[in-house]
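Enquirer: Once you've had a glance at the structure underneath, I'll fire off some questions.
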Amino acid sequence: MISALRPASIQTLLNSSEYPLHLRKIAEKAFAGERISNEEGLILFNEGEVGFLGSLANFIREKRHGDYTYFNRNFHVEPTNMCVFDCKFCSYSRLLKQKEGSWEMSAEQMLDIVRSYKGKPVTEVHIVGGVHPKLGLDFFADLLSKVRAIMPEIHIKAFTVVELDYMFRKAKVSTAEGLQILKDHGLNSLPGGGAEIFDEEIRKQICEDKCSSEVWLDIHETAHRLGIPSNATMLYGHIESFEHRIDHMDRLRKLQDRTKGFNTFIPLKFRNGDNQMSNVPEVSVIEDMRNYAVSRIFMDNIPHLKAYWPMLGRTNAQLSLGFGVNDIDGTIDDSTKIYSMAGSEEQNPSMNTQELVELINAVGRHPIERDTLYNIRTDYKNFDFTKTEPVQ
Ligand code: V47
Ligand code: SF4
């Protein structure tokens, strides 16, 4: 029997004079299920060492989810990497005039990808790409209907706010109208991309021309009111400060108090391969774990915390399960290029179900296959892969 990789127990932490009283007071608050303030969140970032933060985050994770560790079976469709925007951290996009390394798929090519998954046990397709002026609201609404016709049961999670904002402005429809059109054509939820860091000054320096934080928050709020759930991301570990991370999470926490529409918070570590911010060093794995832990402690109203394994790598994804994370995303099948182009450890991200289950089992957690909305599909505790039909 493998015992879970866990930090020290919460009692050890609360009673240890090794930690200053003001830190233990914050821990007591979180232990009692009370919300911590922005100031307290900042103290955790500034002063909390990794073991302390890990114990607290793991306690909260286990109180809420036990050892359950979710994954899903999904694939990505990335229509194009050509983009009218020029985010400095992006290694993936090519400006329209830059042909080398660019791709642009026809609707038929994208539908062929979808057809290739027909009959396979995938539950979600994730559709995101660059912002290409040729591909507008009508094109994407039509694409969604065709995806739905091929796979009536699949959950379609599609389009970052950046893509949506551009589509809606071009089609001269309001956010609510545009989202309703996409929903009527088959859209089920929104992924969390495009949030980056909400602070306006930092945004100006890393992604000046893309949609504002206000627009990002407004589109997600409108989606939630229309019954479209979503995820939220935070791009961290570049030129932002801890104050900016807390401000980002605070804006999300306030929106979530109003709508309850976010399922998952996904911190995304900045990777510096082959982009205009390659001179900015990447943060350490310790900082990644501290960031997951503070996210779990601070974001008390978003149920799930995801470590996106293609970005983080498999070993660090395993480690993160002791720091508040309870979800590691999906099988993916080498269908996304965003992180391999930015220098992630995972150059061809693909894991089958057995590999994902073994990865979770290996650190003593309980593997659960979920659908996009966290309904349980299969409980893989004690699952014997030799006695059952091989699963893709
Ligand atoms: O918004 C781009 C990020 C995001 C880099 O909702 C980078 O389930 C690190 O949001 N280093 C898009 N990050 C991807 C995204 C996502 C991914 C997986 C799951 C979900 C979900 C959402 O990728 C962008 C940006 O923040 N990104 N370049 C980079 N060099
Ligand atoms: Fe375009 Fe998105 Fe890359 Fe920005 S992050 S350049 S919006 S593809």
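Residue names in the structure tokens use chain letters A, B, ... in the order shown, residue numbers from 1 in each chain, and ligand numbers from 1 in the order shown.
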Given only C-alpha atoms and all ligand atoms, how would the per-residue table for chain A near ligand 1 read, listing every residue at most 8 Å away with its closest atom pair and distance in Å to one decimal, sorted by chain and number, as a Markdown table?
Expert:
```
| residue | atom | partner | partner_atom_place_in_ligand_line | distance |
| --- | --- | --- | --- | --- |
| A:Phe89 | CA | ligand 1 | 30 (N) | 4.8 |
| A:Cys90 | CA | ligand 1 | 28 (N) | 4.0 |
| A:Ser91 | CA | ligand 1 | 30 (N) | 5.6 |
| A:Tyr92 | CA | ligand 1 | 28 (N) | 6.8 |
| A:His126 | CA | ligand 1 | 8 (O) | 7.7 |
| A:Val128 | CA | ligand 1 | 12 (C) | 7.8 |
| A:Lys157 | CA | ligand 1 | 6 (O) | 7.9 |
| A:Thr160 | CA | ligand 1 | 10 (O) | 7.1 |
| A:Leu190 | CA | ligand 1 | 6 (O) | 6.8 |
| A:Pro191 | CA | ligand 1 | 6 (O) | 3.3 |
| A:Gly192 | CA | ligand 1 | 6 (O) | 3.9 |
| A:Gly193 | CA | ligand 1 | 10 (O) | 2.9 |
| A:Gly194 | CA | ligand 1 | 1 (O) | 3.5 |
| A:Ala195 | CA | ligand 1 | 1 (O) | 5.9 |
| A:Glu196 | CA | ligand 1 | 26 (O) | 4.8 |
| A:Ser230 | CA | ligand 1 | 6 (O) | 7.2 |
| A:Asn231 | CA | ligand 1 | 6 (O) | 4.9 |
| A:Ala232 | CA | ligand 1 | 6 (O) | 6.5 |
| A:Thr233 | CA | ligand 1 | 10 (O) | 6.0 |
| A:Met234 | CA | ligand 1 | 26 (O) | 6.5 |
| A:Leu235 | CA | ligand 1 | 26 (O) | 4.9 |
| A:Tyr236 | CA | ligand 1 | 9 (C) | 8.0 |
| A:Thr264 | CA | ligand 1 | 6 (O) | 7.7 |
| A:Ile266 | CA | ligand 1 | 20 (C) | 7.0 |
| A:Leu268 | CA | ligand 1 | 13 (N) | 5.3 |
| A:Lys269 | CA | ligand 1 | 9 (C) | 5.1 |
| A:Phe270 | CA | ligand 1 | 11 (N) | 3.7 |
| A:Arg271 | CA | ligand 1 | 11 (N) | 3.8 |
| A:Asn272 | CA | ligand 1 | 30 (N) | 5.6 |
| A:Gly273 | CA | ligand 1 | 30 (N) | 6.7 |
| A:Asn275 | CA | ligand 1 | 30 (N) | 6.9 |
| A:Tyr308 | CA | ligand 1 | 18 (C) | 6.1 |
| A:Met311 | CA | ligand 1 | 9 (C) | 7.3 |
| A:Asp329 | CA | ligand 1 | 8 (O) | 7.1 |
| A:Ile338 | CA | ligand 1 | 2 (C) | 6.4 |
| A:Tyr339 | CA | ligand 1 | 29 (C) | 6.5 |
| A:Met341 | CA | ligand 1 | 30 (N) | 7.9 |
| A:Ala342 | CA | ligand 1 | 30 (N) | 4.7 |
| A:Gly343 | CA | ligand 1 | 30 (N) | 7.8 |
```
Enquirer: Residues within 7 Å of ligand 2 should be enumerated using only C-alpha atoms and all ligand atoms and returned as a PDB file with N, CA, C and O atoms, in the first residue's frame.
Expert:
```pdb
ATOM      1  N   ASN A  81      -2.798  29.043 -35.383  1.00  0.00           N
ATOM      2  CA  ASN A  81      -1.934  29.773 -34.441  1.00  0.00           C
ATOM      3  C   ASN A  81      -1.618  31.157 -34.989  1.00  0.00           C
ATOM      4  O   ASN A  81      -0.739  31.843 -34.480  1.00  0.00           O
ATOM      5  N   CYS A  83      -2.432  34.990 -35.331  1.00  0.00           N
ATOM      6  CA  CYS A  83      -3.124  35.814 -34.338  1.00  0.00           C
ATOM      7  C   CYS A  83      -2.884  37.289 -34.605  1.00  0.00           C
ATOM      8  O   CYS A  83      -1.757  37.686 -34.928  1.00  0.00           O
ATOM      9  N   VAL A  84      -3.936  38.077 -34.469  1.00  0.00           N
ATOM     10  CA  VAL A  84      -3.783  39.525 -34.680  1.00  0.00           C
ATOM     11  C   VAL A  84      -3.118  40.176 -33.464  1.00  0.00           C
ATOM     12  O   VAL A  84      -2.694  41.317 -33.541  1.00  0.00           O
ATOM     13  N   PHE A  85      -3.057  39.456 -32.356  1.00  0.00           N
ATOM     14  CA  PHE A  85      -2.452  40.040 -31.154  1.00  0.00           C
ATOM     15  C   PHE A  85      -0.983  39.620 -31.038  1.00  0.00           C
ATOM     16  O   PHE A  85      -0.528  38.711 -31.729  1.00  0.00           O
ATOM     17  N   ASP A  86      -0.301  40.290 -30.138  1.00  0.00           N
ATOM     18  CA  ASP A  86       1.138  40.080 -30.042  1.00  0.00           C
ATOM     19  C   ASP A  86       1.555  39.998 -28.573  1.00  0.00           C
ATOM     20  O   ASP A  86       2.331  40.831 -28.095  1.00  0.00           O
ATOM     21  N   CYS A  87       1.029  38.993 -27.865  1.00  0.00           N
ATOM     22  CA  CYS A  87       1.363  38.854 -26.447  1.00  0.00           C
ATOM     23  C   CYS A  87       2.841  38.465 -26.328  1.00  0.00           C
ATOM     24  O   CYS A  87       3.291  37.529 -26.994  1.00  0.00           O
ATOM     25  N   CYS A  90       3.882  34.775 -25.585  1.00  0.00           N
ATOM     26  CA  CYS A  90       3.303  33.688 -26.385  1.00  0.00           C
ATOM     27  C   CYS A  90       4.337  33.126 -27.369  1.00  0.00           C
ATOM     28  O   CYS A  90       4.901  33.855 -28.177  1.00  0.00           O
ATOM     29  N   TYR A  92       3.547  30.529 -29.254  1.00  0.00           N
ATOM     30  CA  TYR A  92       2.718  29.681 -30.100  1.00  0.00           C
ATOM     31  C   TYR A  92       2.228  30.426 -31.329  1.00  0.00           C
ATOM     32  O   TYR A  92       2.215  29.899 -32.436  1.00  0.00           O
ATOM     33  N   SER A  93       1.874  31.686 -31.125  1.00  0.00           N
ATOM     34  CA  SER A  93       1.202  32.401 -32.224  1.00  0.00           C
ATOM     35  C   SER A  93       2.190  32.920 -33.256  1.00  0.00           C
ATOM     36  O   SER A  93       3.375  33.111 -32.995  1.00  0.00           O
ATOM     37  N   GLY A 129      -7.622  28.739 -30.038  1.00  0.00           N
ATOM     38  CA  GLY A 129      -6.536  29.026 -30.963  1.00  0.00           C
ATOM     39  C   GLY A 129      -6.219  30.511 -30.975  1.00  0.00           C
ATOM     40  O   GLY A 129      -6.671  31.272 -30.107  1.00  0.00           O
ATOM     41  N   GLY A 130      -5.453  30.920 -31.969  1.00  0.00           N
ATOM     42  CA  GLY A 130      -5.143  32.329 -32.143  1.00  0.00           C
ATOM     43  C   GLY A 130      -6.371  33.058 -32.693  1.00  0.00           C
ATOM     44  O   GLY A 130      -7.384  32.439 -33.040  1.00  0.00           O
ATOM     45  N   VAL A 131      -6.254  34.386 -32.762  1.00  0.00           N
ATOM     46  CA  VAL A 131      -7.383  35.191 -33.242  1.00  0.00           C
ATOM     47  C   VAL A 131      -7.131  35.561 -34.702  1.00  0.00           C
ATOM     48  O   VAL A 131      -6.295  36.420 -34.994  1.00  0.00           O
ATOM     49  N   VAL A 162     -10.421  36.230 -25.348  1.00  0.00           N
ATOM     50  CA  VAL A 162      -9.769  37.005 -26.408  1.00  0.00           C
ATOM     51  C   VAL A 162     -10.439  36.693 -27.753  1.00  0.00           C
ATOM     52  O   VAL A 162     -10.752  37.605 -28.534  1.00  0.00           O
ATOM     53  N   GLY A 194      -6.638  33.469 -21.391  1.00  0.00           N
ATOM     54  CA  GLY A 194      -6.715  34.896 -21.702  1.00  0.00           C
ATOM     55  C   GLY A 194      -6.723  35.794 -20.477  1.00  0.00           C
ATOM     56  O   GLY A 194      -6.642  37.012 -20.590  1.00  0.00           O
ATOM     57  N   CYS A 207       0.934  42.083 -22.573  1.00  0.00           N
ATOM     58  CA  CYS A 207      -0.060  41.779 -23.623  1.00  0.00           C
ATOM     59  C   CYS A 207      -0.927  43.013 -23.860  1.00  0.00           C
ATOM     60  O   CYS A 207      -2.142  42.980 -23.676  1.00  0.00           O
ATOM     61  N   LYS A 210      -4.268  42.953 -26.183  1.00  0.00           N
ATOM     62  CA  LYS A 210      -5.389  42.007 -26.046  1.00  0.00           C
ATOM     63  C   LYS A 210      -6.458  42.572 -25.103  1.00  0.00           C
ATOM     64  O   LYS A 210      -6.261  43.598 -24.477  1.00  0.00           O
TER      65      LYS A 210
END
```
Enquirer: Can you pull out every residue from range 129-263 of chain A that DSSP, working from the backbone, puts in helix (DSSP H, G or I), and format the result as a count of residues only?
Expert: 74
Enquirer: Enumerate as a list in words all residues of range 192-290 of chain A assigned to strand (DSSP E) by DSSP on the backbone, naming them with the chain letters and numbers the document uses.
Expert: Ser230, Asn231, Ala232, Thr233, Met234, Leu235, Tyr236, Phe262, Asn263, Thr264, Phe265, Ile266, Pro267, Leu268 and Lys269 of chain A
Enquirer: Can you list, as an mmCIF file with C-alpha atoms, in the first residue's frame, every protein, DNA or RNA residue that comes within 12 Å of Gln180 in chain A when you count only C-alpha atoms, leaving out same-chain residues fewer than 3 positions away?
Expert:
```
data_model
loop_
_atom_site.group_PDB
_atom_site.id
_atom_site.type_symbol
_atom_site.label_atom_id
_atom_site.label_comp_id
_atom_site.auth_asym_id
_atom_site.auth_seq_id
_atom_site.Cartn_x
_atom_site.Cartn_y
_atom_site.Cartn_z
ATOM 1 C CA LEU A 137 -18.879 34.220 -35.172
ATOM 2 C CA ALA A 141 -21.234 28.781 -34.667
ATOM 3 C CA LEU A 164 -14.884 35.722 -28.049
ATOM 4 C CA PHE A 168 -18.519 39.543 -30.966
ATOM 5 C CA VAL A 173 -23.404 41.645 -31.230
ATOM 6 C CA SER A 174 -23.434 42.139 -27.475
ATOM 7 C CA THR A 175 -21.621 39.674 -25.227
ATOM 8 C CA ALA A 176 -24.903 38.128 -24.109
ATOM 9 C CA GLU A 177 -26.163 37.796 -27.683
ATOM 10 C CA LYS A 183 -24.641 28.151 -26.701
ATOM 11 C CA ASP A 184 -27.531 27.507 -29.084
ATOM 12 C CA HIS A 185 -25.046 25.959 -31.528
ATOM 13 C CA GLY A 186 -23.574 23.580 -28.961
ATOM 14 C CA LEU A 187 -21.112 25.434 -26.715
ATOM 15 C CA ASN A 188 -21.160 23.972 -23.178
ATOM 16 C CA SER A 189 -18.479 25.846 -21.255
ATOM 17 C CA ILE A 219 -17.562 37.850 -20.453
ATOM 18 C CA THR A 222 -22.263 37.012 -18.559
ATOM 19 C CA ALA A 223 -21.511 33.378 -19.432
ATOM 20 C CA HIS A 224 -22.299 32.292 -15.873
ATOM 21 C CA ARG A 225 -25.595 34.201 -15.941
ATOM 22 C CA LEU A 226 -26.494 32.398 -19.187
ATOM 23 C CA GLY A 227 -25.795 29.033 -17.577
ATOM 24 C CA ILE A 228 -22.391 28.544 -19.220
#
```
Enquirer: Here is a test: counting only C-alpha atoms, which residue of A:Pro281, A:His220, A:Asp247, A:Phe71 is nearest to Val357 in chain A?
Expert: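 Closest residue, counting only C-alpha atoms: A:Phe71.
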Enquirer: Between A:Phe159, A:Trp216, A:Phe31, A:Tyr70, which one has atoms that come closest to Asp327 in chain A, using only C-alpha atoms?
Expert: A:Tyr70
Enquirer: Could you name the residues that touch Arg115 in chain A at 9 Å or less, counting only C-alpha atoms, but leaving out those on the same chain fewer than 4 positions away, as a PyMOL selection string?
Expert: chain A and resi 110-111+119+147+150-151
Enquirer: From the list A:Arg296, A:Arg73, A:Arg245, A:Arg61, which residue is nearest Phe265 in chain A when using only C-alpha atoms?
Expert: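 Looking only at the distances to Phe265 in chain A, the closest residue turns out to be A:Arg296.
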Enquirer: Could you state the separation of CA of Gly324 in chain A and CA of Asn58 in chain A in Å, given to one decimal place?
Expert: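 Atom-to-atom, CA of Gly324 in chain A and CA of Asn58 in chain A are spaced 4.9 Å apart.
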Enquirer: Write out as a list in words which residues come within 7 Å of range 238-240 of chain A when counting only C-alpha atoms, dropping same-chain ones fewer than 2 positions away.
Expert: Ile202, Tyr236, Phe242, His244, Phe270, Val280 and Glu282 of chain A
Enquirer: Export, as a compact mmCIF listing (two decimals), in the first residue's frame, the selected residues with all heavy atoms.
Expert:
```
# COMPACT_ATOMS: atom_id res chain seq x y z
N ILE A 202 0.74 45.65 -15.53
CA ILE A 202 1.49 44.46 -15.98
C ILE A 202 0.94 44.00 -17.34
O ILE A 202 1.69 43.66 -18.26
CB ILE A 202 1.38 43.31 -14.94
CG1 ILE A 202 1.99 43.74 -13.62
CG2 ILE A 202 2.07 42.05 -15.47
CD1 ILE A 202 3.48 43.97 -13.64
N TYR A 236 1.48 33.13 -14.08
CA TYR A 236 2.32 33.64 -13.00
C TYR A 236 3.79 33.31 -13.26
O TYR A 236 4.11 32.48 -14.11
CB TYR A 236 1.88 33.04 -11.64
CG TYR A 236 2.26 31.58 -11.51
CD1 TYR A 236 3.47 31.19 -10.90
CD2 TYR A 236 1.44 30.58 -12.03
CE1 TYR A 236 3.83 29.86 -10.80
CE2 TYR A 236 1.80 29.24 -11.95
CZ TYR A 236 2.99 28.89 -11.33
OH TYR A 236 3.36 27.58 -11.25
N PHE A 242 3.86 39.48 -6.00
CA PHE A 242 2.85 38.73 -5.22
C PHE A 242 1.56 39.54 -5.08
O PHE A 242 0.47 38.99 -5.07
CB PHE A 242 3.40 38.38 -3.83
CG PHE A 242 4.52 37.37 -3.87
CD1 PHE A 242 5.60 37.47 -2.99
CD2 PHE A 242 4.49 36.30 -4.76
CE1 PHE A 242 6.61 36.53 -3.01
CE2 PHE A 242 5.51 35.36 -4.78
CZ PHE A 242 6.58 35.48 -3.91
N HIS A 244 0.25 41.43 -7.26
CA HIS A 244 -0.54 41.25 -8.49
C HIS A 244 -1.26 39.91 -8.50
O HIS A 244 -2.38 39.80 -8.98
CB HIS A 244 0.36 41.39 -9.73
CG HIS A 244 0.99 42.74 -9.85
ND1 HIS A 244 2.32 42.93 -10.14
CD2 HIS A 244 0.46 43.98 -9.71
CE1 HIS A 244 2.59 44.21 -10.16
NE2 HIS A 244 1.48 44.88 -9.90
N PHE A 270 4.55 30.59 -16.22
CA PHE A 270 5.16 31.19 -17.41
C PHE A 270 6.37 30.36 -17.85
O PHE A 270 7.25 30.07 -17.05
CB PHE A 270 5.59 32.64 -17.12
CG PHE A 270 6.55 33.18 -18.14
CD1 PHE A 270 6.13 33.43 -19.44
CD2 PHE A 270 7.89 33.40 -17.81
CE1 PHE A 270 7.02 33.88 -20.41
CE2 PHE A 270 8.78 33.86 -18.77
CZ PHE A 270 8.35 34.10 -20.06
N VAL A 280 13.28 36.62 -19.35
CA VAL A 280 12.73 36.55 -17.99
C VAL A 280 12.90 35.12 -17.48
O VAL A 280 12.37 34.18 -18.09
CB VAL A 280 11.22 36.93 -17.99
CG1 VAL A 280 10.63 36.78 -16.59
CG2 VAL A 280 11.03 38.34 -18.52
N GLU A 282 12.48 31.59 -15.53
CA GLU A 282 11.30 30.90 -15.00
C GLU A 282 11.45 30.71 -13.50
O GLU A 282 12.57 30.59 -13.00
CB GLU A 282 11.17 29.52 -15.66
CG GLU A 282 10.82 29.62 -17.13
CD GLU A 282 10.70 28.26 -17.81
OE1 GLU A 282 10.84 27.22 -17.14
OE2 GLU A 282 10.46 28.26 -19.03
```
Enquirer: Would you compute the distance between CA of Gly136 in chain A and CA of His155 in chain A? Give it in Å to one decimal.
Expert: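 Value for the CA of Gly136 in chain A-CA of His155 in chain A distance: 21.4 Å.
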Enquirer: As an exercise, work out the distance from CA of Trp309 in chain A to CA of Asp209 in chain A in Å and give it to one decimal place.
Expert: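 Distance between the two atoms: 28.8 Å.
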Enquirer: Skip Thr315 in chain A itself and residues of its chain fewer than 2 positions away, then list as a list in words all residues within 12 Å of it, counting only C-alpha atoms.
Expert: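 Listed by chain and then number, they are Val285, Ala307, Tyr308, Trp309, Pro310, Met311, Leu312, Gly313, Ala317, Gln318, Leu319, Ser320, Leu321, Ile328, Glu345, Glu346, Leu356, Leu359, Ile360, Ala362 and Val363 of chain A.
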Enquirer: Would you kindly return, as a list of chain:residue names, each protein, DNA or RNA residue with an atom no farther than 10 Å from any atom of Ala30 in chain A, considering only C-alpha atoms and excluding same-chain residues fewer than 2 positions away?
Expert: A:Arg24, A:Lys25, A:Ile26, A:Ala27, A:Glu28, A:Ala32, A:Gly33, A:Glu34, A:Arg35, A:Ile36, A:Leu56, A:Ala57, A:Phe59, A:Ile60, A:Ile297, A:Phe298, A:Asp300
Enquirer: Counting only C-alpha atoms, figure out which residue out of A:Asp384, A:Asp288, A:Glu163, A:Asp199 gets nearest to Glu243 in chain A.
Expert: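 That would be A:Asp199, the residue with the smallest distance to Glu243 in chain A.
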Enquirer: Which of these, A:Pro229, A:Pro303, A:Gly51, A:Gly178, has the shortest distance to Ala8 in chain A once you count only C-alpha atoms?
Expert: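 Among the listed residues, A:Gly51 lies closest to Ala8 in chain A.
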